[in-house]
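Reading through the structure tokens given below for one structure.
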Number of protein chains: 2
Amino acid sequence: MSQPLTRGQLAKMIDHTLLRPEATPADIERLCREAVEHGFAAVCVNPVYVPLAARLLAGEGPVVCTVIDFPLGAGSAADKARQAEAALTAGARELDVVQPIGLLKAGADREVVAHLRGVVEAAEQAGALVKVILETALLTPAEIERSCRLALEAGARFVKTSTGFGPGGATEEAVRLMREAVGPAIGVKAAGGIRDYATACRMVAAGANRIGASASVAIISGAP
Amino acid sequence: MSQPLTRGQLAKMIDHTLLRPEATPADIERLCREAVEHGFAAVCVNPVYVPLAARLLAGEGPVVCTVIDFPLGAGSAADKARQAEAALTAGARELDVVQPIGLLKAGADREVVAHLRGVVEAAEQAGALVKVILETALLTPAEIERSCRLALEAGARFVKTSTGFGPGGATEEAVRLMREAVGPAIGVKAAGGIRDYATACRMVAAGANRIGASASVAIISGAP
């Protein structure tokens, strides 16, 4: 990187995230306040809290992102599509959906695309965008590349490294591989274990243009 | 316990479980074969594999159990109900649903019951039963007791300790507390980290009458 990222540049790349199952409405209110205050791209919350976050962020800069079939990706294609439709109706504008990892491992590529395509179609109708979570810690490099091709084919607007609930988070190596696989056409979101400014900058240098983090305020506080 | 549990007695209490997101159709086939061979109560699989398991187990002893809004429980009430209806149509006869943990923590007891009630109503119409997963490792003893009361009120047929994806699995202490809270009217399922015969027997002695495990074959092999 020639120039260090400023606080404002980095904030606009961050999905301010709270997906712990024990998070309460009060926690979501704090998350939304912080997102507005610091100018984050989005808040990322579980589906149960989409109506609350949409109400709190109405007319503000950050949009509402939610997760679909999360964190296992092991629901049916119809489960994914129906949860996506409900989240969009409730006010979500970005959907992070977990790919069906077992089907990917089994080489059932047509089924993987079908699972993703139903979510993308619902999102496109609503003017929303979809990020496909690969869960790279469970995949070989060849599986990461194949996942990227299938996500592109399904019409995803981002590929995302990790759920934050798997056996590992974002790595520079995975981000680089994903950026090479998708080219400049769509985004790469690095998420999982990113807790400080230096790590966030390394992910951007490796090819990420969106960062998912819970420690977002600490991350931007580290900017020069 | 006055008498040690025999292999057959214990097998009939076990939900033979494979919920790893990277599990393939071939893994599910093996799981179903083992369930028939050893006489387990059920197989417990992710929703994407319910049609496959239902086909493989048609006319056999073990039934198909699946998980709803798993493992976070942070979907909407409608998400839970719709996923339950789809799983029942696909052949599931037992549904393990994660309670909305954040709402429970926030004291939103009416909402917790509503989330569970939609799943129970769908199951009752289909002649199926519901287990409510509390995720006890995230709860205080008072929250465990309150969760049990709400699950009972919603019409659940079992309370279950853990998802196996949280910060801790089944403990004798949690099982004992849950059995005291629900009395003899409904079941208690211990799941998460149970890998041998001795541990399974301790859970039964503490009050469990169902065991969820991936290491089921190893567990019954330890019986005298």
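In the structure tokens, chains take the letters A, B, ... in the order shown, each chain's residues start at 1, and ligands count up from 1 in the order shown.
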
Test item: chain B residues at most 6 Å from chain A, counting only C-alpha atoms, as a list in words: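 That gives Pro21, Glu22, Ala23, Thr24, Asn46, Pro47, Val48, Leu72, Ala74, Gly75, Ser76, Ile101, Gly102 and Ala106 of chain B for chain B.
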
As a PyMOL selection string, please: every residue in region 2-204 of chain A that a backbone DSSP assignment puts in strand (DSSP E). chain A and resi 14-18+42-45+63-68+94-98+129-133+158-160+187-191

Need to verify the contact set: Val120 (chain A), 9 Å, only C-alpha atoms, exclusion of same-chain residues closer than 3 positions in sequence. Can you return it as a PyMOL selection string? chain A and resi 81+84+95+116-117+123-125+128-130+154-157

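Pairwise distance (CA of Arg210 (chain B), CA of Ala190 (chain B)) equals 6.4 Å.
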
As a PyMOL selection string, please: the residues near Ile14 (chain B) (cut-off 6 Å, only C-alpha atoms, same-chain neighbours under 5 positions excluded). chain B and resi 40-41+210-212

Write down as a PyMOL selection string the residues belonging to chain B that are assigned alpha helix (DSSP H) by DSSP computed on the backbone. chain B and resi 7-11+25-38+50-56+77-89+101-105+109-125+141-154+172-182+197-206+216-221

Do a neighbour search on Cys201 (chain B) at 12 Å with only C-alpha atoms, toss out local chain neighbours closer than 2 positions, and write the hits as a ChimeraX atom specification. /B:1-7,9-11,13-14,172,190,194-199,203-211,219-220,222-224

Export of prior selection with C-alpha atoms as a PDB file, in the first residue's frame:
ATOM      1  CA  MET B   1     -27.965 -46.190  38.697  1.00  0.00           C
ATOM      2  CA  SER B   2     -28.662 -49.633  40.068  1.00  0.00           C
ATOM      3  CA  GLN B   3     -28.117 -51.487  36.766  1.00  0.00           C
ATOM      4  CA  PRO B   4     -25.730 -50.560  33.966  1.00  0.00           C
ATOM      5  CA  LEU B   5     -27.500 -49.661  30.707  1.00  0.00           C
ATOM      6  CA  THR B   6     -27.268 -52.359  28.076  1.00  0.00           C
ATOM      7  CA  ARG B   7     -26.187 -51.611  24.531  1.00  0.00           C
ATOM      8  CA  GLN B   9     -31.298 -49.817  25.989  1.00  0.00           C
ATOM      9  CA  LEU B  10     -28.836 -47.033  25.307  1.00  0.00           C
ATOM     10  CA  ALA B  11     -29.077 -47.273  21.493  1.00  0.00           C
ATOM     11  CA  MET B  13     -32.110 -43.327  23.446  1.00  0.00           C
ATOM     12  CA  ILE B  14     -29.595 -42.011  20.916  1.00  0.00           C
ATOM     13  CA  GLU B 172     -24.658 -33.207  34.396  1.00  0.00           C
ATOM     14  CA  ALA B 190     -28.315 -34.180  26.559  1.00  0.00           C
ATOM     15  CA  ILE B 194     -20.821 -36.857  24.736  1.00  0.00           C
ATOM     16  CA  ARG B 195     -18.283 -39.277  23.290  1.00  0.00           C
ATOM     17  CA  ASP B 196     -18.195 -42.399  25.497  1.00  0.00           C
ATOM     18  CA  TYR B 197     -20.403 -44.856  27.365  1.00  0.00           C
ATOM     19  CA  ALA B 198     -19.560 -43.593  30.838  1.00  0.00           C
ATOM     20  CA  THR B 199     -20.463 -39.993  29.987  1.00  0.00           C
ATOM     21  CA  MET B 203     -26.252 -37.942  31.630  1.00  0.00           C
ATOM     22  CA  VAL B 204     -29.008 -40.545  31.947  1.00  0.00           C
ATOM     23  CA  ALA B 205     -28.417 -40.765  35.695  1.00  0.00           C
ATOM     24  CA  ALA B 206     -28.726 -36.970  35.880  1.00  0.00           C
ATOM     25  CA  GLY B 207     -32.142 -37.109  34.217  1.00  0.00           C
ATOM     26  CA  ALA B 208     -31.664 -37.337  30.444  1.00  0.00           C
ATOM     27  CA  ASN B 209     -33.784 -39.782  28.437  1.00  0.00           C
ATOM     28  CA  ARG B 210     -32.337 -38.886  25.035  1.00  0.00           C
ATOM     29  CA  ILE B 211     -28.704 -38.472  24.002  1.00  0.00           C
ATOM     30  CA  ILE B 219     -20.677 -44.915  22.908  1.00  0.00           C
ATOM     31  CA  ILE B 220     -22.685 -48.141  22.658  1.00  0.00           C
ATOM     32  CA  GLY B 222     -18.557 -49.270  25.632  1.00  0.00           C
ATOM     33  CA  ALA B 223     -21.617 -51.008  27.099  1.00  0.00           C
ATOM     34  CA  PRO B 224     -20.916 -54.139  29.209  1.00  0.00           C
TER      35      PRO B 224
END

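Once region 177-180 of chain B and its same-chain neighbours fewer than 3 positions away are set aside, Leu134, Thr136, Pro141, Ala142, Ile144, Glu145, Arg146, Ser147, Cys148, Arg149, Val159, Lys160, Thr161, Glu172, Glu173, Ala174, Gly183, Pro184, Ala185, Ile186, Gly187, Val188, Lys189, Ala206, Gly207, Ala208 and Asn209 of chain B remain within 10 Å of it when counting only C-alpha atoms.
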
Just the number, please: distance in Å from CA of Ala35 (chain A) to CA of Ala90 (chain A), one decimal. 19.1 Å

Proximity to Gly8 (chain A) - best of A:Lys131, A:His38, A:Arg176, A:Arg55, only C-alpha atoms: A:His38

List the spatial neighbours of Gly127 (chain B) as a ChimeraX atom specification - criterion: any atom at most 10 Å away, only C-alpha atoms, same-chain residues fewer than 3 positions off excluded. /B:88,93-94,121-124

Let me see the file: selected residues, all heavy atoms, as a tab-separated table (two decimals), in the first residue's frame.
chain	number	residue	atom	x	y	z
B	88	LEU	N	-40.95	-30.85	7.82
B	88	LEU	CA	-41.98	-31.87	8.08
B	88	LEU	C	-42.50	-32.43	6.76
B	88	LEU	O	-42.66	-33.65	6.61
B	88	LEU	CB	-43.12	-31.25	8.90
B	88	LEU	CG	-42.73	-30.86	10.33
B	88	LEU	CD1	-43.73	-29.86	10.91
B	88	LEU	CD2	-42.62	-32.09	11.23
B	93	ARG	N	-39.58	-36.12	11.42
B	93	ARG	CA	-40.57	-36.48	12.44
B	93	ARG	C	-40.20	-35.92	13.81
B	93	ARG	O	-40.95	-36.01	14.77
B	93	ARG	CB	-40.72	-38.01	12.51
B	93	ARG	CG	-41.59	-38.55	11.38
B	93	ARG	CD	-43.01	-37.97	11.47
B	93	ARG	NE	-43.76	-37.99	10.20
B	93	ARG	CZ	-43.82	-36.95	9.35
B	93	ARG	NH1	-43.17	-35.82	9.59
B	93	ARG	NH2	-44.54	-37.02	8.26
B	94	GLU	N	-38.98	-35.36	13.92
B	94	GLU	CA	-38.57	-34.68	15.15
B	94	GLU	C	-37.83	-33.42	14.74
B	94	GLU	O	-37.03	-33.44	13.80
B	94	GLU	CB	-37.67	-35.59	16.01
B	94	GLU	CG	-38.34	-36.93	16.32
B	94	GLU	CD	-37.66	-37.71	17.46
B	94	GLU	OE1	-36.59	-37.30	17.93
B	94	GLU	OE2	-38.24	-38.76	17.85
B	121	GLU	N	-46.79	-25.94	16.68
B	121	GLU	CA	-48.08	-26.10	15.97
B	121	GLU	C	-47.90	-26.83	14.65
B	121	GLU	O	-48.69	-27.71	14.32
B	121	GLU	CB	-48.72	-24.72	15.74
B	121	GLU	CG	-49.44	-24.23	16.99
B	121	GLU	CD	-49.87	-22.76	16.92
B	121	GLU	OE1	-49.70	-22.13	15.85
B	121	GLU	OE2	-50.35	-22.26	17.95
B	122	ALA	N	-46.83	-26.48	13.92
B	122	ALA	CA	-46.57	-27.18	12.67
B	122	ALA	C	-46.30	-28.66	12.94
B	122	ALA	O	-46.79	-29.54	12.22
B	122	ALA	CB	-45.37	-26.54	11.96
B	123	ALA	N	-45.52	-28.95	13.98
B	123	ALA	CA	-45.17	-30.34	14.30
B	123	ALA	C	-46.39	-31.14	14.72
B	123	ALA	O	-46.58	-32.28	14.29
B	123	ALA	CB	-44.10	-30.37	15.40
B	124	GLU	N	-47.24	-30.54	15.55
B	124	GLU	CA	-48.41	-31.28	16.05
B	124	GLU	C	-49.34	-31.66	14.90
B	124	GLU	O	-49.86	-32.78	14.86
B	124	GLU	CB	-49.15	-30.43	17.09
B	124	GLU	CG	-48.41	-30.43	18.43
B	124	GLU	CD	-49.06	-29.54	19.49
B	124	GLU	OE1	-49.94	-28.74	19.11
B	124	GLU	OE2	-48.67	-29.66	20.67
